[in-house]
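A.B. asks: Mind having a look at this structure? Questions to follow.
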Amino acid sequence: MITISIPKNLKAIIILFALILIVTMQGNAERMKHPASRGGGASKSVSRPSAAPSRTAKPKTNRPNSTKQATPTRASSNKSIKGGHEKATDRKVTSSKSDAKNKVTSNSNNNTIRNIGNKNSGNKVNIDNSKKNINVNVDNSKNIKVNNQHNTRVRSNSRSYNRPPYRYGGRSYYCYRPYHYHPYRPFYWGPVWHPWGFFITTLAATAIIVSVENQQYHYDQGVYYSQSNGGYTVVQAPVGATVQTLPKETQQVEVNETTNNYYYGGAFYEKSAEGYTVVPATAGTIVPNLPEGGEEVKIGDVTYVQFGDTYYQPIQVDGKDMYEIVDVKEG
């Protein structure tokens with residue numbers, strides 16, 4: 001057996017080295033278990049992690065601050081914008097309500113004309129506020145029967161009929177031309193003409209007074225007015241009324257081979273030395289248009305347009321829709 005003698009100093013060095021080696025190995029083992037603590041050894045390792053966090057920490061620190069500052073700004077901006085929209089909406093709603101209110105007020109005070117339908121009576125009210133007039137369109141078919149009923153009667157024609165009458169319900173309906181149905185469409189003669197039953201509060205300065213059978217009417221440009229409570233109501237042209245002039249839209253219509261009438265707005269006139277005199281409608285007369293106030297009535301298989309006691313049969317003349325006054329007889 002060989003015995004090696006180790007000096008005491010060397011033995012101490014070996015023991016110290018072994019202890020250092022053990023400590024080092026334990027430290028490495030700890031670092032292997034905890035990688036995050038790897039920067040705690042050398043100064044280089046420590047400086048690098050501290051620098052890295054400083055680079056990342058600064059943006060991270062600034063970003064939250066920036067976000068925190070920006071977010072309230074955007075929120076404030078959004079709130080302001082939202083508030084702006086809310087105010088704009090409020091203004092819009094208020095404006096709409098105000099406009100609606102003003103519109104109603106305007107219509108009731110300043111607007112020109114508007115129509116109001118009366119469901120119960122079927123009448124219409126026209127408010128012409130520019131002239132401060134209230135114009136009422138009354139159901140003319142009823143108004144005709146109440147007023148001026150004698151003006152709707154038909155006088156017979158001197159010509160004989162070459163066609164057999166249409167008989168229905170104990171009556172005979174005579175016409176010279178064959179029946180040709182087309183829908184009744186009231187004709188409009190222009191702004192100065194008004195249908196029967198129309199109401200106004202004031203008359204134009206051009207209106208004149210016409211007396212018929214001790215009753216006074218006001219005549220203006222083809223339209224006749226009867227004074228009523230608070231204003232004037234348009235009536236059918238009174239038979240016997242004589243005027244000096246007729247509107248330029250007046251047409252000549254043939255009554256028979258020797259007689260012509262002048263036709264305007266549903267009224268018939270005969271010319272004389274005194275002027276133009278209103279006459280009843282004559283059976284067989286053909287007119288191109290009919291005014292408001294008529295009513296389509298179906299009698300058997302034939303549809304006529306009725307004004308009071310006057311019946312108009314739809315016909316065609318040279319391809320144009322017209323009407324012929326019917327001669328209605330009992331039996």
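Going by the structure tokens order, chains are called A, B, ..., each with residues numbered from 1, while ligands are numbered from 1 in the order shown.
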Can you list, as an NGL selection string, every residue of region 142-295 of chain A that DSSP puts in strand (DSSP E)?
C.D. replies: :A and (154-155 or 166-168 or 171-174 or 199-200 or 208-212 or 215-220 or 223-228 or 231-235 or 242-243 or 251-254 or 260-264 or 267-272 or 275-279 or 281-282 or 286-287 or 295)
A.B. asks: Just the residues within 8 Å of Ser172 (chain A), please, counting only C-alpha atoms, with nothing from its chain fewer than 3 positions along; format it as an mmCIF file with N, CA and C atoms, in the first residue's frame.
C.D. replies:
```
data_model
loop_
_atom_site.group_PDB
_atom_site.id
_atom_site.type_symbol
_atom_site.label_atom_id
_atom_site.label_comp_id
_atom_site.auth_asym_id
_atom_site.auth_seq_id
_atom_site.Cartn_x
_atom_site.Cartn_y
_atom_site.Cartn_z
ATOM 1 N N PRO A 165 -136.680 54.649 -78.540
ATOM 2 C CA PRO A 165 -136.173 55.021 -77.214
ATOM 3 C C PRO A 165 -135.728 53.795 -76.422
ATOM 4 N N TYR A 166 -134.931 54.044 -75.410
ATOM 5 C CA TYR A 166 -134.579 52.995 -74.466
ATOM 6 C C TYR A 166 -135.619 53.034 -73.355
ATOM 7 N N ARG A 167 -136.302 51.922 -73.170
ATOM 8 C CA ARG A 167 -137.398 51.876 -72.191
ATOM 9 C C ARG A 167 -136.975 51.067 -70.971
ATOM 10 N N TYR A 168 -137.257 51.640 -69.809
ATOM 11 C CA TYR A 168 -136.951 50.952 -68.561
ATOM 12 C C TYR A 168 -137.741 51.606 -67.434
ATOM 13 N N VAL A 328 -136.655 62.522 -71.637
ATOM 14 C CA VAL A 328 -137.256 61.461 -70.834
ATOM 15 C C VAL A 328 -138.773 61.667 -70.794
ATOM 16 N N LYS A 329 -139.501 60.624 -71.169
ATOM 17 C CA LYS A 329 -140.976 60.695 -71.182
ATOM 18 C C LYS A 329 -141.550 59.505 -70.440
ATOM 19 N N GLU A 330 -142.679 59.742 -69.810
ATOM 20 C CA GLU A 330 -143.336 58.658 -69.104
ATOM 21 C C GLU A 330 -143.995 57.705 -70.115
ATOM 22 N N GLY A 331 -143.901 56.406 -69.833
ATOM 23 C CA GLY A 331 -144.551 55.410 -70.695
ATOM 24 C C GLY A 331 -143.653 54.837 -71.758
#
```
A.B. asks: Quick one: of A:Tyr174, A:Phe198, A:Tyr225, A:Phe187, who's nearest to Asn162 (chain A), counting only C-alpha atoms?
C.D. replies: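 Nearest to Asn162 (chain A): A:Tyr174.
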A.B. asks: Restricting the calculation to only C-alpha atoms: of A:Ile200, A:Ala283, A:Val223, A:Val243, which residue gets closest to Gly265 (chain A)?
C.D. replies: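 Among the listed residues, the smallest separation from Gly265 (chain A) belongs to A:Val223.
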A.B. asks: Name all residues at most 10 Å from region 249-262 of chain A (count only C-alpha atoms; drop same-chain ones fewer than 3 positions away) and give them as a list in words.
C.D. replies: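 Neighbouring residues, sequence-local ones excluded: Asn157, Ser158, Arg159, Trp189, Gly190, Gly222, Leu246, Gly265, Ala267, Phe268, Tyr269, Glu270, Lys271, Tyr276, Thr277, Val278, Val279, Ala281, Thr282, Ala283, Gly284, Thr285, Ile286, Val287 and Pro288 of chain A.
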A.B. asks: Write out as an NGL selection string the residues lying within 12 Å of Tyr304 (chain A), counting only C-alpha atoms and excluding same-chain residues fewer than 4 positions away.
C.D. replies: :A and (166 or 173 or 175 or 179-184 or 294-300 or 309-315 or 323-326 or 328)
A.B. asks: Once you have the residues from the selection above, write them out as a PDB file, in the first residue's frame, restricted to N, CA and C atoms.
C.D. replies:
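What landed in selection.pdb:
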```pdb
ATOM      1  N   TYR A 166    -134.931  54.044 -75.410  1.00  0.00           N
ATOM      2  CA  TYR A 166    -134.579  52.995 -74.466  1.00  0.00           C
ATOM      3  C   TYR A 166    -135.619  53.034 -73.355  1.00  0.00           C
ATOM      4  N   TYR A 173    -136.481  56.797 -72.859  1.00  0.00           N
ATOM      5  CA  TYR A 173    -135.332  57.697 -72.940  1.00  0.00           C
ATOM      6  C   TYR A 173    -134.945  57.858 -74.414  1.00  0.00           C
ATOM      7  N   CYS A 175    -132.924  59.510 -77.638  1.00  0.00           N
ATOM      8  CA  CYS A 175    -131.666  60.124 -78.083  1.00  0.00           C
ATOM      9  C   CYS A 175    -131.531  59.943 -79.596  1.00  0.00           C
ATOM     10  N   TYR A 179    -125.945  54.856 -77.836  1.00  0.00           N
ATOM     11  CA  TYR A 179    -125.273  54.905 -76.532  1.00  0.00           C
ATOM     12  C   TYR A 179    -123.845  54.379 -76.674  1.00  0.00           C
ATOM     13  N   HIS A 180    -122.891  55.123 -76.091  1.00  0.00           N
ATOM     14  CA  HIS A 180    -121.475  54.688 -76.062  1.00  0.00           C
ATOM     15  C   HIS A 180    -120.889  55.133 -74.724  1.00  0.00           C
ATOM     16  N   TYR A 181    -120.742  54.186 -73.815  1.00  0.00           N
ATOM     17  CA  TYR A 181    -120.322  54.553 -72.458  1.00  0.00           C
ATOM     18  C   TYR A 181    -118.864  55.017 -72.414  1.00  0.00           C
ATOM     19  N   HIS A 182    -118.624  56.057 -71.632  1.00  0.00           N
ATOM     20  CA  HIS A 182    -117.278  56.479 -71.215  1.00  0.00           C
ATOM     21  C   HIS A 182    -117.434  57.134 -69.845  1.00  0.00           C
ATOM     22  N   PRO A 183    -116.429  57.026 -68.982  1.00  0.00           N
ATOM     23  CA  PRO A 183    -116.555  57.527 -67.600  1.00  0.00           C
ATOM     24  C   PRO A 183    -116.797  59.035 -67.549  1.00  0.00           C
ATOM     25  N   TYR A 184    -117.571  59.430 -66.566  1.00  0.00           N
ATOM     26  CA  TYR A 184    -117.858  60.846 -66.345  1.00  0.00           C
ATOM     27  C   TYR A 184    -116.663  61.514 -65.673  1.00  0.00           C
ATOM     28  N   GLY A 294    -122.463  66.496 -61.305  1.00  0.00           N
ATOM     29  CA  GLY A 294    -123.236  65.399 -61.885  1.00  0.00           C
ATOM     30  C   GLY A 294    -123.030  64.097 -61.134  1.00  0.00           C
ATOM     31  N   GLU A 295    -123.875  63.154 -61.444  1.00  0.00           N
ATOM     32  CA  GLU A 295    -123.806  61.840 -60.790  1.00  0.00           C
ATOM     33  C   GLU A 295    -124.128  60.759 -61.811  1.00  0.00           C
ATOM     34  N   GLU A 296    -123.261  59.772 -61.914  1.00  0.00           N
ATOM     35  CA  GLU A 296    -123.538  58.648 -62.804  1.00  0.00           C
ATOM     36  C   GLU A 296    -124.644  57.786 -62.183  1.00  0.00           C
ATOM     37  N   VAL A 297    -125.714  57.551 -62.956  1.00  0.00           N
ATOM     38  CA  VAL A 297    -126.819  56.709 -62.480  1.00  0.00           C
ATOM     39  C   VAL A 297    -127.041  55.598 -63.505  1.00  0.00           C
ATOM     40  N   LYS A 298    -127.193  54.404 -63.001  1.00  0.00           N
ATOM     41  CA  LYS A 298    -127.405  53.255 -63.879  1.00  0.00           C
ATOM     42  C   LYS A 298    -128.898  52.955 -63.946  1.00  0.00           C
ATOM     43  N   ILE A 299    -129.436  53.026 -65.134  1.00  0.00           N
ATOM     44  CA  ILE A 299    -130.848  52.735 -65.372  1.00  0.00           C
ATOM     45  C   ILE A 299    -130.907  51.532 -66.302  1.00  0.00           C
ATOM     46  N   GLY A 300    -131.230  50.386 -65.739  1.00  0.00           N
ATOM     47  CA  GLY A 300    -131.194  49.152 -66.530  1.00  0.00           C
ATOM     48  C   GLY A 300    -129.772  48.845 -66.942  1.00  0.00           C
ATOM     49  N   ASP A 309    -132.991  67.158 -62.905  1.00  0.00           N
ATOM     50  CA  ASP A 309    -133.909  66.413 -63.772  1.00  0.00           C
ATOM     51  C   ASP A 309    -133.346  66.191 -65.173  1.00  0.00           C
ATOM     52  N   THR A 310    -132.112  66.586 -65.403  1.00  0.00           N
ATOM     53  CA  THR A 310    -131.514  66.460 -66.732  1.00  0.00           C
ATOM     54  C   THR A 310    -130.606  65.243 -66.783  1.00  0.00           C
ATOM     55  N   TYR A 311    -130.805  64.427 -67.840  1.00  0.00           N
ATOM     56  CA  TYR A 311    -129.985  63.243 -68.044  1.00  0.00           C
ATOM     57  C   TYR A 311    -129.128  63.441 -69.299  1.00  0.00           C
ATOM     58  N   TYR A 312    -127.869  63.080 -69.199  1.00  0.00           N
ATOM     59  CA  TYR A 312    -126.948  63.141 -70.326  1.00  0.00           C
ATOM     60  C   TYR A 312    -126.502  61.720 -70.668  1.00  0.00           C
ATOM     61  N   GLN A 313    -126.649  61.366 -71.947  1.00  0.00           N
ATOM     62  CA  GLN A 313    -126.227  60.037 -72.398  1.00  0.00           C
ATOM     63  C   GLN A 313    -124.818  60.143 -72.989  1.00  0.00           C
ATOM     64  N   PRO A 314    -123.878  59.299 -72.526  1.00  0.00           N
ATOM     65  CA  PRO A 314    -122.536  59.309 -73.128  1.00  0.00           C
ATOM     66  C   PRO A 314    -122.582  58.760 -74.552  1.00  0.00           C
ATOM     67  N   ILE A 315    -121.944  59.480 -75.469  1.00  0.00           N
ATOM     68  CA  ILE A 315    -121.919  59.080 -76.879  1.00  0.00           C
ATOM     69  C   ILE A 315    -120.513  59.343 -77.425  1.00  0.00           C
ATOM     70  N   TYR A 323    -121.549  64.100 -74.896  1.00  0.00           N
ATOM     71  CA  TYR A 323    -122.800  63.792 -74.203  1.00  0.00           C
ATOM     72  C   TYR A 323    -123.976  64.380 -74.975  1.00  0.00           C
ATOM     73  N   GLU A 324    -125.081  63.630 -74.978  1.00  0.00           N
ATOM     74  CA  GLU A 324    -126.322  64.119 -75.601  1.00  0.00           C
ATOM     75  C   GLU A 324    -127.403  64.215 -74.544  1.00  0.00           C
ATOM     76  N   ILE A 325    -128.122  65.334 -74.549  1.00  0.00           N
ATOM     77  CA  ILE A 325    -129.194  65.520 -73.581  1.00  0.00           C
ATOM     78  C   ILE A 325    -130.361  64.620 -73.936  1.00  0.00           C
ATOM     79  N   VAL A 326    -130.816  63.863 -72.944  1.00  0.00           N
ATOM     80  CA  VAL A 326    -131.858  62.850 -73.138  1.00  0.00           C
ATOM     81  C   VAL A 326    -133.230  63.467 -72.929  1.00  0.00           C
ATOM     82  N   VAL A 328    -136.655  62.522 -71.637  1.00  0.00           N
ATOM     83  CA  VAL A 328    -137.256  61.461 -70.834  1.00  0.00           C
ATOM     84  C   VAL A 328    -138.773  61.667 -70.794  1.00  0.00           C
TER      85      VAL A 328
END
```
